[in-house]
Amino acid sequence: MHILFVDESGTPPKPGVSRPHYFVVGAIIIPENLWHRLRDALFGMKVRRKIRGEFKWRYFAPDNDDDANPMRRLEQPERDAIRTEIYGIIAAQRGVTTMAAVCSAVAAYKMPSVTSQEGLYHLTYKTITERFQYHLQDLSTMQGETVRGMVVADHRGGGDDKRLRQHHQKLLYSSGQYVSEYKNLTESLFLQKSEMSIGIQLADMVAGAVWRKFERGDDRWYKLVEPTLRRSRTGNVNGYGIIKVPREGWV
């Protein structure tokens, strides 16, 4: 069993708003036999550094002093050292794979099917789950047996959660020219609060690094994620680990 943890980079841009240009859904695929290793490594780092609380991408920003931020009293160099170590923990586990769908808001809102922030979110979510299905298919071919997977997403709120569950179910059971078959996925969508899921916290770190590269042109953290991105057989991340959506008109 492989688990896809997904989280997004903030709030989807509104129609007609010029910034942010991009909305990112980041993901980390963790095989069940590696989950405990990641958990133990992350918890060990927290104990060593005397950190109690969850990691969020925004908590690493300069001067972020949210009450829930366990690093609010740390100077920026120490925050950056912790962030570097987190990416190192991800990269150290062979078999862990990351992905990110990068949605161009301008291009997305030109699509007849995308008229709202929720529509943009669902389009980006669909993109990342499709690539998860392709990843499971590739693994099944290599291993000579069916490899199954499940999806865990961040809890956002009652109404949002309900609509995302419905969207996920529609993806699983719809058919058509532009709809992938999710034959390798097990059960429905699972939703979890980020503070209770190391997988979602790590997915948030992936989303933040990719968003910053595309939105701000700063690839400092992306470079630490890049080795873990899903790739083609020739090593290409475009369309595999970094998926630009929609295909037509992406800017």
# chains A, B, ... in the order shown; residues from 1 in each chain; ligands from 1

call {"tool": "closest_atom_pairs", "arguments": {"of": "region 84-191 of chain A", "to": "region 204-221 of chain A", "cutoff": "12 Å", "atoms": "only C-alpha atoms", "output": "JSON lines"}}
result
{"residue": "A:Thr84", "atom": "CA", "partner": "A:Trp221", "partner_atom": "CA", "distance": 7.9}
{"residue": "A:Glu85", "atom": "CA", "partner": "A:Trp221", "partner_atom": "CA", "distance": 11.2}
{"residue": "A:Ile86", "atom": "CA", "partner": "A:Met205", "partner_atom": "CA", "distance": 8.5}
{"residue": "A:Tyr87", "atom": "CA", "partner": "A:Met205", "partner_atom": "CA", "distance": 8.1}
{"residue": "A:Gly88", "atom": "CA", "partner": "A:Trp221", "partner_atom": "CA", "distance": 11.0}
{"residue": "A:Ile89", "atom": "CA", "partner": "A:Met205", "partner_atom": "CA", "distance": 11.9}
{"residue": "A:Ile90", "atom": "CA", "partner": "A:Val206", "partner_atom": "CA", "distance": 9.9}
{"residue": "A:Ala91", "atom": "CA", "partner": "A:Val206", "partner_atom": "CA", "distance": 11.6}
{"residue": "A:Thr97", "atom": "CA", "partner": "A:Val206", "partner_atom": "CA", "distance": 10.6}
{"residue": "A:Thr98", "atom": "CA", "partner": "A:Val206", "partner_atom": "CA", "distance": 7.3}
{"residue": "A:Met99", "atom": "CA", "partner": "A:Val206", "partner_atom": "CA", "distance": 7.8}
{"residue": "A:Ala100", "atom": "CA", "partner": "A:Ala207", "partner_atom": "CA", "distance": 6.5}
{"residue": "A:Ala101", "atom": "CA", "partner": "A:Ala207", "partner_atom": "CA", "distance": 8.7}
{"residue": "A:Val102", "atom": "CA", "partner": "A:Trp211", "partner_atom": "CA", "distance": 7.6}
{"residue": "A:Cys103", "atom": "CA", "partner": "A:Trp211", "partner_atom": "CA", "distance": 9.9}
{"residue": "A:Ser104", "atom": "CA", "partner": "A:Phe214", "partner_atom": "CA", "distance": 9.9}
{"residue": "A:Ala105", "atom": "CA", "partner": "A:Glu215", "partner_atom": "CA", "distance": 11.5}
{"residue": "A:Ile128", "atom": "CA", "partner": "A:Ala207", "partner_atom": "CA", "distance": 11.7}
{"residue": "A:Ala153", "atom": "CA", "partner": "A:Asp204", "partner_atom": "CA", "distance": 10.5}
{"residue": "A:Asp154", "atom": "CA", "partner": "A:Asp204", "partner_atom": "CA", "distance": 9.4}

call {"tool": "residues_around", "arguments": {"residues": "region 185-202 of chain A", "least_positions_apart": "5", "cutoff": "10 Å", "atoms": "only C-alpha atoms", "output": "compact mmCIF listing (two decimals) with all heavy atoms, in the first residue's frame"}}
result
# COMPACT_ATOMS: atom_id res chain seq x y z
N MET A 1 0.83 -1.20 0.00
CA MET A 1 0.00 0.00 0.00
C MET A 1 0.87 1.25 0.00
O MET A 1 1.83 1.36 0.77
CB MET A 1 -0.92 0.00 1.23
CG MET A 1 -1.78 1.24 1.38
SD MET A 1 -3.09 1.33 0.15
CE MET A 1 -4.14 -0.02 0.71
N HIS A 2 0.53 2.20 -0.87
CA HIS A 2 1.21 3.49 -0.92
C HIS A 2 0.19 4.57 -0.57
O HIS A 2 -0.94 4.55 -1.05
CB HIS A 2 1.79 3.75 -2.31
CG HIS A 2 2.96 2.87 -2.65
ND1 HIS A 2 4.21 3.37 -2.94
CD2 HIS A 2 3.07 1.52 -2.72
CE1 HIS A 2 5.04 2.37 -3.19
NE2 HIS A 2 4.36 1.24 -3.06
N ILE A 3 0.62 5.51 0.26
CA ILE A 3 -0.28 6.56 0.74
C ILE A 3 0.13 7.89 0.13
O ILE A 3 1.29 8.30 0.24
CB ILE A 3 -0.26 6.66 2.27
CG1 ILE A 3 -0.46 5.29 2.91
CG2 ILE A 3 -1.34 7.63 2.76
CD1 ILE A 3 -0.23 5.27 4.42
N LEU A 4 -0.82 8.54 -0.51
CA LEU A 4 -0.61 9.87 -1.07
C LEU A 4 -1.15 10.90 -0.09
O LEU A 4 -2.35 10.96 0.16
CB LEU A 4 -1.33 10.02 -2.41
CG LEU A 4 -1.23 11.42 -3.05
CD1 LEU A 4 0.13 11.58 -3.72
CD2 LEU A 4 -2.35 11.66 -4.06
N PHE A 5 -0.26 11.69 0.49
CA PHE A 5 -0.66 12.80 1.36
C PHE A 5 -0.62 14.09 0.53
O PHE A 5 0.38 14.33 -0.17
CB PHE A 5 0.29 12.93 2.55
CG PHE A 5 0.23 11.77 3.50
CD1 PHE A 5 1.12 10.70 3.38
CD2 PHE A 5 -0.70 11.73 4.53
CE1 PHE A 5 1.08 9.63 4.27
CE2 PHE A 5 -0.75 10.67 5.42
CZ PHE A 5 0.13 9.61 5.29
N VAL A 6 -1.67 14.88 0.59
CA VAL A 6 -1.74 16.10 -0.22
C VAL A 6 -2.06 17.31 0.64
O VAL A 6 -2.81 17.22 1.62
CB VAL A 6 -2.77 15.98 -1.37
CG1 VAL A 6 -2.39 14.89 -2.34
CG2 VAL A 6 -4.17 15.74 -0.83
N ASP A 7 -1.50 18.45 0.26
CA ASP A 7 -1.81 19.72 0.90
C ASP A 7 -1.55 20.83 -0.11
O ASP A 7 -0.78 20.65 -1.06
CB ASP A 7 -0.97 19.93 2.16
CG ASP A 7 -1.57 20.97 3.10
OD1 ASP A 7 -2.73 21.37 2.88
OD2 ASP A 7 -0.88 21.39 4.04
N GLU A 8 -2.18 21.97 0.12
CA GLU A 8 -2.11 23.04 -0.85
C GLU A 8 -1.29 24.22 -0.34
O GLU A 8 -1.06 24.35 0.87
CB GLU A 8 -3.51 23.53 -1.23
CG GLU A 8 -4.28 24.18 -0.10
CD GLU A 8 -5.08 23.19 0.73
OE1 GLU A 8 -4.87 21.97 0.58
OE2 GLU A 8 -5.90 23.65 1.55
N GLY A 26 0.72 20.19 -3.34
CA GLY A 26 1.90 19.35 -3.18
C GLY A 26 1.53 17.99 -2.61
O GLY A 26 0.50 17.84 -1.96
N ALA A 27 2.38 17.00 -2.88
CA ALA A 27 2.06 15.65 -2.44
C ALA A 27 3.34 14.88 -2.13
O ALA A 27 4.40 15.12 -2.72
CB ALA A 27 1.27 14.91 -3.52
N ILE A 28 3.21 13.96 -1.19
CA ILE A 28 4.28 13.03 -0.90
C ILE A 28 3.68 11.63 -0.86
O ILE A 28 2.62 11.41 -0.26
CB ILE A 28 4.99 13.37 0.43
CG1 ILE A 28 6.15 12.40 0.68
CG2 ILE A 28 4.03 13.41 1.61
CD1 ILE A 28 7.08 12.85 1.81
N ILE A 29 4.32 10.71 -1.57
CA ILE A 29 3.86 9.32 -1.63
C ILE A 29 4.75 8.49 -0.71
O ILE A 29 5.97 8.41 -0.93
CB ILE A 29 3.93 8.77 -3.06
CG1 ILE A 29 3.14 9.65 -4.03
CG2 ILE A 29 3.42 7.32 -3.11
CD1 ILE A 29 3.37 9.32 -5.49
N ILE A 30 4.15 7.91 0.31
CA ILE A 30 4.91 7.15 1.30
C ILE A 30 4.45 5.69 1.29
O ILE A 30 3.29 5.41 1.61
CB ILE A 30 4.72 7.73 2.71
CG1 ILE A 30 5.08 9.22 2.74
CG2 ILE A 30 5.57 6.96 3.72
CD1 ILE A 30 4.85 9.89 4.08
N TRP A 35 6.58 4.54 6.38
CA TRP A 35 5.90 5.58 7.16
C TRP A 35 6.51 5.71 8.55
O TRP A 35 6.77 6.82 9.03
CB TRP A 35 4.41 5.28 7.25
CG TRP A 35 3.65 6.37 7.93
CD1 TRP A 35 3.12 7.49 7.36
CD2 TRP A 35 3.37 6.47 9.35
NE1 TRP A 35 2.52 8.27 8.32
CE2 TRP A 35 2.65 7.67 9.53
CE3 TRP A 35 3.65 5.65 10.44
CZ2 TRP A 35 2.21 8.07 10.80
CZ3 TRP A 35 3.21 6.06 11.70
CH2 TRP A 35 2.50 7.26 11.87
N LEU A 38 9.89 7.58 8.57
CA LEU A 38 9.73 9.02 8.45
C LEU A 38 9.24 9.63 9.76
O LEU A 38 9.73 10.66 10.22
CB LEU A 38 8.75 9.36 7.32
CG LEU A 38 9.33 9.48 5.92
CD1 LEU A 38 8.21 9.67 4.91
CD2 LEU A 38 10.30 10.64 5.83
N ARG A 39 8.24 8.99 10.34
CA ARG A 39 7.71 9.49 11.61
C ARG A 39 8.79 9.53 12.67
O ARG A 39 8.95 10.54 13.38
CB ARG A 39 6.56 8.60 12.08
CG ARG A 39 5.91 9.09 13.38
CD ARG A 39 5.17 7.99 14.08
NE ARG A 39 6.08 6.90 14.47
CZ ARG A 39 5.68 5.80 15.10
NH1 ARG A 39 4.41 5.63 15.37
NH2 ARG A 39 6.56 4.86 15.44
N LEU A 42 11.35 12.31 12.02
CA LEU A 42 10.81 13.64 12.28
C LEU A 42 10.62 13.88 13.77
O LEU A 42 10.98 14.95 14.29
CB LEU A 42 9.48 13.82 11.54
CG LEU A 42 9.04 15.26 11.32
CD1 LEU A 42 10.01 15.98 10.39
CD2 LEU A 42 7.63 15.31 10.75
N PHE A 43 10.09 12.90 14.47
CA PHE A 43 9.90 13.04 15.91
C PHE A 43 11.25 13.14 16.63
O PHE A 43 11.38 13.88 17.60
CB PHE A 43 9.10 11.86 16.46
CG PHE A 43 7.62 11.96 16.21
CD1 PHE A 43 7.09 12.98 15.44
CD2 PHE A 43 6.75 11.04 16.75
CE1 PHE A 43 5.73 13.08 15.19
CE2 PHE A 43 5.38 11.13 16.52
CZ PHE A 43 4.88 12.15 15.73
N GLY A 53 4.96 20.74 18.49
CA GLY A 53 3.96 21.32 17.61
C GLY A 53 4.18 20.88 16.19
O GLY A 53 5.14 20.17 15.88
N GLU A 54 3.30 21.31 15.30
CA GLU A 54 3.39 20.88 13.91
C GLU A 54 4.23 21.83 13.07
O GLU A 54 4.44 22.99 13.42
CB GLU A 54 1.99 20.77 13.30
CG GLU A 54 1.29 22.10 13.06
CD GLU A 54 0.01 21.94 12.25
OE1 GLU A 54 0.04 21.29 11.18
OE2 GLU A 54 -1.01 22.48 12.68
N PHE A 55 4.69 21.29 11.95
CA PHE A 55 5.42 22.09 10.98
C PHE A 55 4.47 22.54 9.88
O PHE A 55 3.74 21.73 9.32
CB PHE A 55 6.57 21.28 10.36
CG PHE A 55 7.68 20.97 11.31
CD1 PHE A 55 8.09 19.67 11.54
CD2 PHE A 55 8.36 21.99 11.97
CE1 PHE A 55 9.12 19.37 12.41
CE2 PHE A 55 9.39 21.72 12.84
CZ PHE A 55 9.78 20.41 13.06
N LYS A 56 4.48 23.83 9.60
CA LYS A 56 3.78 24.40 8.46
C LYS A 56 4.76 25.26 7.68
O LYS A 56 5.64 25.90 8.29
CB LYS A 56 2.60 25.28 8.90
CG LYS A 56 1.38 24.54 9.43
CD LYS A 56 0.29 25.53 9.79
CE LYS A 56 -0.98 24.85 10.27
NZ LYS A 56 -1.67 24.14 9.18
N TRP A 57 4.60 25.29 6.37
CA TRP A 57 5.51 26.09 5.54
C TRP A 57 5.53 27.54 6.01
O TRP A 57 6.60 28.14 6.15
CB TRP A 57 5.07 26.01 4.08
CG TRP A 57 5.76 26.99 3.20
CD1 TRP A 57 5.28 28.20 2.78
CD2 TRP A 57 7.07 26.87 2.63
NE1 TRP A 57 6.21 28.84 1.99
CE2 TRP A 57 7.31 28.05 1.88
CE3 TRP A 57 8.05 25.88 2.68
CZ2 TRP A 57 8.50 28.25 1.19
CZ3 TRP A 57 9.24 26.09 2.00
CH2 TRP A 57 9.46 27.27 1.26
N ILE A 86 14.36 18.97 7.52
CA ILE A 86 13.12 18.29 7.13
C ILE A 86 13.24 17.75 5.71
O ILE A 86 12.89 16.60 5.44
CB ILE A 86 11.91 19.25 7.25
CG1 ILE A 86 11.63 19.56 8.71
CG2 ILE A 86 10.67 18.63 6.59
CD1 ILE A 86 10.59 20.64 8.92
N TYR A 87 13.73 18.58 4.79
CA TYR A 87 13.90 18.10 3.41
C TYR A 87 14.92 16.98 3.34
O TYR A 87 14.80 16.07 2.52
CB TYR A 87 14.28 19.27 2.50
CG TYR A 87 13.17 20.27 2.29
CD1 TYR A 87 13.35 21.61 2.57
CD2 TYR A 87 11.92 19.86 1.82
CE1 TYR A 87 12.33 22.54 2.38
CE2 TYR A 87 10.90 20.78 1.62
CZ TYR A 87 11.11 22.11 1.91
OH TYR A 87 10.09 23.00 1.73
N ILE A 89 15.37 14.73 5.65
CA ILE A 89 14.67 13.53 6.14
C ILE A 89 13.86 12.89 5.02
O ILE A 89 13.84 11.68 4.84
CB ILE A 89 13.77 13.89 7.34
CG1 ILE A 89 14.64 14.18 8.57
CG2 ILE A 89 12.77 12.77 7.64
CD1 ILE A 89 13.86 14.74 9.75
N ILE A 90 13.18 13.73 4.23
CA ILE A 90 12.40 13.21 3.10
C ILE A 90 13.32 12.53 2.08
O ILE A 90 13.06 11.41 1.64
CB ILE A 90 11.61 14.35 2.42
CG1 ILE A 90 10.57 14.95 3.38
CG2 ILE A 90 10.92 13.83 1.15
CD1 ILE A 90 9.88 16.18 2.83
N THR A 98 7.84 12.55 -4.26
CA THR A 98 7.05 13.77 -4.14
C THR A 98 6.55 14.21 -5.52
O THR A 98 7.12 13.86 -6.55
CB THR A 98 7.86 14.91 -3.50
OG1 THR A 98 9.00 15.20 -4.31
CG2 THR A 98 8.31 14.54 -2.10
N THR A 129 -3.98 13.65 -8.27
CA THR A 129 -4.45 12.28 -8.03
C THR A 129 -4.32 11.43 -9.28
O THR A 129 -4.06 10.22 -9.19
CB THR A 129 -5.91 12.27 -7.54
OG1 THR A 129 -6.75 12.97 -8.47
CG2 THR A 129 -6.02 12.91 -6.17
N PHE A 132 -0.85 10.20 -9.30
CA PHE A 132 -0.71 9.14 -8.31
C PHE A 132 -1.16 7.81 -8.90
O PHE A 132 -0.50 6.78 -8.74
CB PHE A 132 -1.52 9.47 -7.07
CG PHE A 132 -1.42 8.46 -5.96
CD1 PHE A 132 -0.20 7.91 -5.60
CD2 PHE A 132 -2.56 8.06 -5.26
CE1 PHE A 132 -0.11 6.99 -4.55
CE2 PHE A 132 -2.48 7.14 -4.23
CZ PHE A 132 -1.25 6.60 -3.87
N GLN A 133 -2.27 7.83 -9.62
CA GLN A 133 -2.75 6.61 -10.28
C GLN A 133 -1.71 6.11 -11.29
O GLN A 133 -1.42 4.91 -11.35
CB GLN A 133 -4.08 6.88 -10.97
CG GLN A 133 -4.56 5.78 -11.92
CD GLN A 133 -4.79 4.44 -11.24
OE1 GLN A 133 -5.17 4.39 -10.07
NE2 GLN A 133 -4.54 3.35 -11.95
N LEU A 136 1.13 4.43 -9.45
CA LEU A 136 0.76 3.08 -9.00
C LEU A 136 0.76 2.09 -10.16
O LEU A 136 1.17 0.93 -10.01
CB LEU A 136 -0.62 3.10 -8.33
CG LEU A 136 -0.73 3.92 -7.04
CD1 LEU A 136 -2.18 4.01 -6.58
CD2 LEU A 136 0.15 3.34 -5.94
N VAL A 147 -0.32 -2.83 -7.34
CA VAL A 147 0.05 -2.02 -6.18
C VAL A 147 -1.09 -1.05 -5.90
O VAL A 147 -1.53 -0.33 -6.80
CB VAL A 147 1.35 -1.23 -6.44
CG1 VAL A 147 1.68 -0.33 -5.25
CG2 VAL A 147 2.50 -2.18 -6.73
N ARG A 148 -1.59 -1.06 -4.68
CA ARG A 148 -2.74 -0.24 -4.30
C ARG A 148 -2.30 1.05 -3.60
O ARG A 148 -1.19 1.14 -3.08
CB ARG A 148 -3.66 -1.01 -3.36
CG ARG A 148 -4.20 -2.32 -3.95
CD ARG A 148 -5.15 -2.08 -5.08
NE ARG A 148 -5.71 -3.33 -5.60
CZ ARG A 148 -6.47 -3.42 -6.69
NH1 ARG A 148 -6.76 -2.32 -7.37
NH2 ARG A 148 -6.94 -4.59 -7.09
N GLY A 149 -3.20 2.02 -3.59
CA GLY A 149 -2.91 3.27 -2.92
C GLY A 149 -4.15 3.90 -2.33
O GLY A 149 -5.27 3.56 -2.70
N MET A 150 -3.94 4.83 -1.42
CA MET A 150 -5.03 5.59 -0.82
C MET A 150 -4.60 7.04 -0.69
O MET A 150 -3.40 7.35 -0.70
CB MET A 150 -5.41 5.04 0.55
CG MET A 150 -4.28 4.97 1.54
SD MET A 150 -4.75 4.26 3.14
CE MET A 150 -5.64 5.63 3.85
N VAL A 151 -5.58 7.94 -0.59
CA VAL A 151 -5.31 9.38 -0.56
C VAL A 151 -5.75 9.96 0.77
O VAL A 151 -6.86 9.70 1.25
CB VAL A 151 -6.06 10.11 -1.71
CG1 VAL A 151 -5.75 11.61 -1.67
CG2 VAL A 151 -5.68 9.51 -3.06
N VAL A 152 -4.86 10.76 1.38
CA VAL A 152 -5.15 11.45 2.62
C VAL A 152 -4.93 12.95 2.38
O VAL A 152 -3.85 13.37 1.95
CB VAL A 152 -4.25 10.99 3.78
CG1 VAL A 152 -4.60 11.72 5.06
CG2 VAL A 152 -4.37 9.48 3.98
N ALA A 153 -5.96 13.76 2.63
CA ALA A 153 -5.88 15.20 2.40
C ALA A 153 -6.09 15.95 3.71
O ALA A 153 -6.62 15.42 4.69
CB ALA A 153 -6.91 15.64 1.37
N ASP A 154 -5.70 17.21 3.69
CA ASP A 154 -5.83 18.06 4.86
C ASP A 154 -7.29 18.43 5.10
O ASP A 154 -8.02 18.79 4.17
CB ASP A 154 -5.00 19.33 4.66
CG ASP A 154 -4.94 20.20 5.91
OD1 ASP A 154 -5.24 19.70 7.00
OD2 ASP A 154 -4.58 21.39 5.77
N HIS A 155 -7.71 18.34 6.35
CA HIS A 155 -9.05 18.80 6.75
C HIS A 155 -9.09 20.31 6.62
O HIS A 155 -8.23 21.02 7.15
CB HIS A 155 -9.32 18.37 8.19
CG HIS A 155 -10.43 19.12 8.85
ND1 HIS A 155 -11.75 18.86 8.61
CD2 HIS A 155 -10.41 20.13 9.75
CE1 HIS A 155 -12.50 19.67 9.33
NE2 HIS A 155 -11.70 20.45 10.03
N ARG A 156 -10.12 20.84 5.91
CA ARG A 156 -10.22 22.28 5.71
C ARG A 156 -11.44 22.89 6.37
O ARG A 156 -11.44 24.04 6.76
CB ARG A 156 -10.25 22.59 4.20
CG ARG A 156 -8.98 22.20 3.47
CD ARG A 156 -9.00 22.66 2.03
NE ARG A 156 -10.08 22.03 1.28
CZ ARG A 156 -10.64 22.54 0.19
NH1 ARG A 156 -10.24 23.73 -0.25
NH2 ARG A 156 -11.59 21.90 -0.46
N GLY A 157 -12.50 22.15 6.49
CA GLY A 157 -13.75 22.68 7.04
C GLY A 157 -14.90 21.84 6.55
O GLY A 157 -14.81 21.18 5.51
N ASP A 161 -14.77 20.10 3.01
CA ASP A 161 -14.48 18.67 3.09
C ASP A 161 -15.54 17.86 2.36
O ASP A 161 -15.23 16.91 1.63
CB ASP A 161 -14.39 18.22 4.55
CG ASP A 161 -13.11 18.67 5.22
OD1 ASP A 161 -12.25 19.26 4.54
OD2 ASP A 161 -12.98 18.45 6.44
N LEU A 164 -15.12 18.24 -1.40
CA LEU A 164 -13.93 17.55 -1.90
C LEU A 164 -14.17 16.04 -1.93
O LEU A 164 -13.74 15.36 -2.86
CB LEU A 164 -12.70 17.88 -1.05
CG LEU A 164 -11.38 17.27 -1.54
CD1 LEU A 164 -11.07 17.71 -2.97
CD2 LEU A 164 -10.23 17.65 -0.60
N ARG A 165 -14.83 15.51 -0.91
CA ARG A 165 -15.17 14.08 -0.91
C ARG A 165 -16.03 13.73 -2.12
O ARG A 165 -15.82 12.72 -2.78
CB ARG A 165 -15.91 13.72 0.38
CG ARG A 165 -15.02 13.44 1.57
CD ARG A 165 -15.78 12.67 2.64
NE ARG A 165 -14.95 12.40 3.80
CZ ARG A 165 -14.98 13.11 4.91
NH1 ARG A 165 -15.79 14.16 5.00
NH2 ARG A 165 -14.20 12.78 5.94
N GLN A 166 -17.01 14.58 -2.39
CA GLN A 166 -17.89 14.34 -3.54
C GLN A 166 -17.11 14.39 -4.84
O GLN A 166 -17.32 13.58 -5.75
CB GLN A 166 -19.03 15.36 -3.54
CG GLN A 166 -20.01 15.20 -2.40
CD GLN A 166 -21.00 16.35 -2.30
OE1 GLN A 166 -20.77 17.45 -2.83
NE2 GLN A 166 -22.12 16.11 -1.63
N HIS A 167 -16.19 15.36 -4.94
CA HIS A 167 -15.35 15.48 -6.13
C HIS A 167 -14.48 14.24 -6.29
O HIS A 167 -14.33 13.71 -7.40
CB HIS A 167 -14.48 16.73 -6.00
CG HIS A 167 -13.55 16.97 -7.15
ND1 HIS A 167 -13.98 17.15 -8.45
CD2 HIS A 167 -12.18 17.05 -7.18
CE1 HIS A 167 -12.93 17.34 -9.24
NE2 HIS A 167 -11.83 17.27 -8.50
N HIS A 168 -13.90 13.77 -5.19
CA HIS A 168 -13.06 12.58 -5.23
C HIS A 168 -13.85 11.36 -5.68
O HIS A 168 -13.38 10.59 -6.52
CB HIS A 168 -12.47 12.34 -3.83
CG HIS A 168 -11.50 11.21 -3.77
ND1 HIS A 168 -10.16 11.35 -4.02
CD2 HIS A 168 -11.69 9.88 -3.51
CE1 HIS A 168 -9.55 10.18 -3.90
NE2 HIS A 168 -10.45 9.27 -3.58
N GLN A 169 -15.06 11.21 -5.15
CA GLN A 169 -15.89 10.08 -5.54
C GLN A 169 -16.25 10.14 -7.03
O GLN A 169 -16.27 9.12 -7.72
CB GLN A 169 -17.18 10.05 -4.71
CG GLN A 169 -16.98 9.62 -3.27
CD GLN A 169 -16.41 8.22 -3.15
OE1 GLN A 169 -15.24 8.05 -2.81
NE2 GLN A 169 -17.22 7.22 -3.44
N LEU A 172 -13.39 8.87 -9.03
CA LEU A 172 -13.23 7.42 -8.96
C LEU A 172 -14.16 6.67 -9.90
O LEU A 172 -13.80 5.64 -10.47
CB LEU A 172 -13.46 6.93 -7.52
CG LEU A 172 -12.45 7.33 -6.46
CD1 LEU A 172 -12.81 6.67 -5.12
CD2 LEU A 172 -11.03 6.94 -6.86
N ALA A 207 4.63 21.56 -1.15
CA ALA A 207 3.83 22.58 -1.82
C ALA A 207 4.48 23.97 -1.67
O ALA A 207 4.55 24.74 -2.63
CB ALA A 207 2.41 22.59 -1.26
N GLY A 208 4.95 24.27 -0.46
CA GLY A 208 5.54 25.58 -0.22
C GLY A 208 6.80 25.82 -1.03
O GLY A 208 7.00 26.90 -1.60

call {"tool": "residues_around", "arguments": {"residues": "Lys14 (chain A)", "least_positions_apart": "4", "cutoff": "10 Å", "atoms": "only C-alpha atoms", "output": "list in words"}}
result
Ser18, Arg19, Pro20, Ala105, Val106, Tyr109, Thr115, Ser116, Gln117, Glu118 and Leu120 of chain A

call {"tool": "select_by_dssp", "arguments": {"residues": "region 30-192 of chain A", "states": "alpha helix (DSSP H)", "output": "NGL selection string"}}
result
:A and (32-49 or 76-92 or 105-108 or 117-143 or 158-173)

call {"tool": "atom_distance", "arguments": {"atom1": "CA of Gln76 (chain A)", "atom2": "CA of Arg48 (chain A)"}}
result
18.3 Å

call {"tool": "select_by_dssp", "arguments": {"residues": "region 97-149 of chain A", "states": "strand (DSSP E or B)", "output": "MDAnalysis selection string"}}
result
chainID A and resid 97:104 149

call {"tool": "atom_distance", "arguments": {"atom1": "CA of Pro12 (chain A)", "atom2": "CA of Thr124 (chain A)"}}
result
9.8 Å

call {"tool": "closest_residue", "arguments": {"among": "A:Ala107, A:Asn238, A:Thr228, A:Asp65", "to": "Val251 (chain A)", "atoms": "only C-alpha atoms"}}
result
A:Ala107

call {"tool": "atom_distance", "arguments": {"atom1": "CA of Gly16 (chain A)", "atom2": "CA of Pro62 (chain A)"}}
result
29.3 Å

call {"tool": "residues_around", "arguments": {"residues": "Arg52 (chain A)", "least_positions_apart": "2", "cutoff": "10 Å", "atoms": "only C-alpha atoms", "output": "list in words"}}
result
Phe43, Lys46, Val47, Arg49, Lys50, Glu54, Phe55, Ala68, Asn69, Pro70 and Met71 of chain A
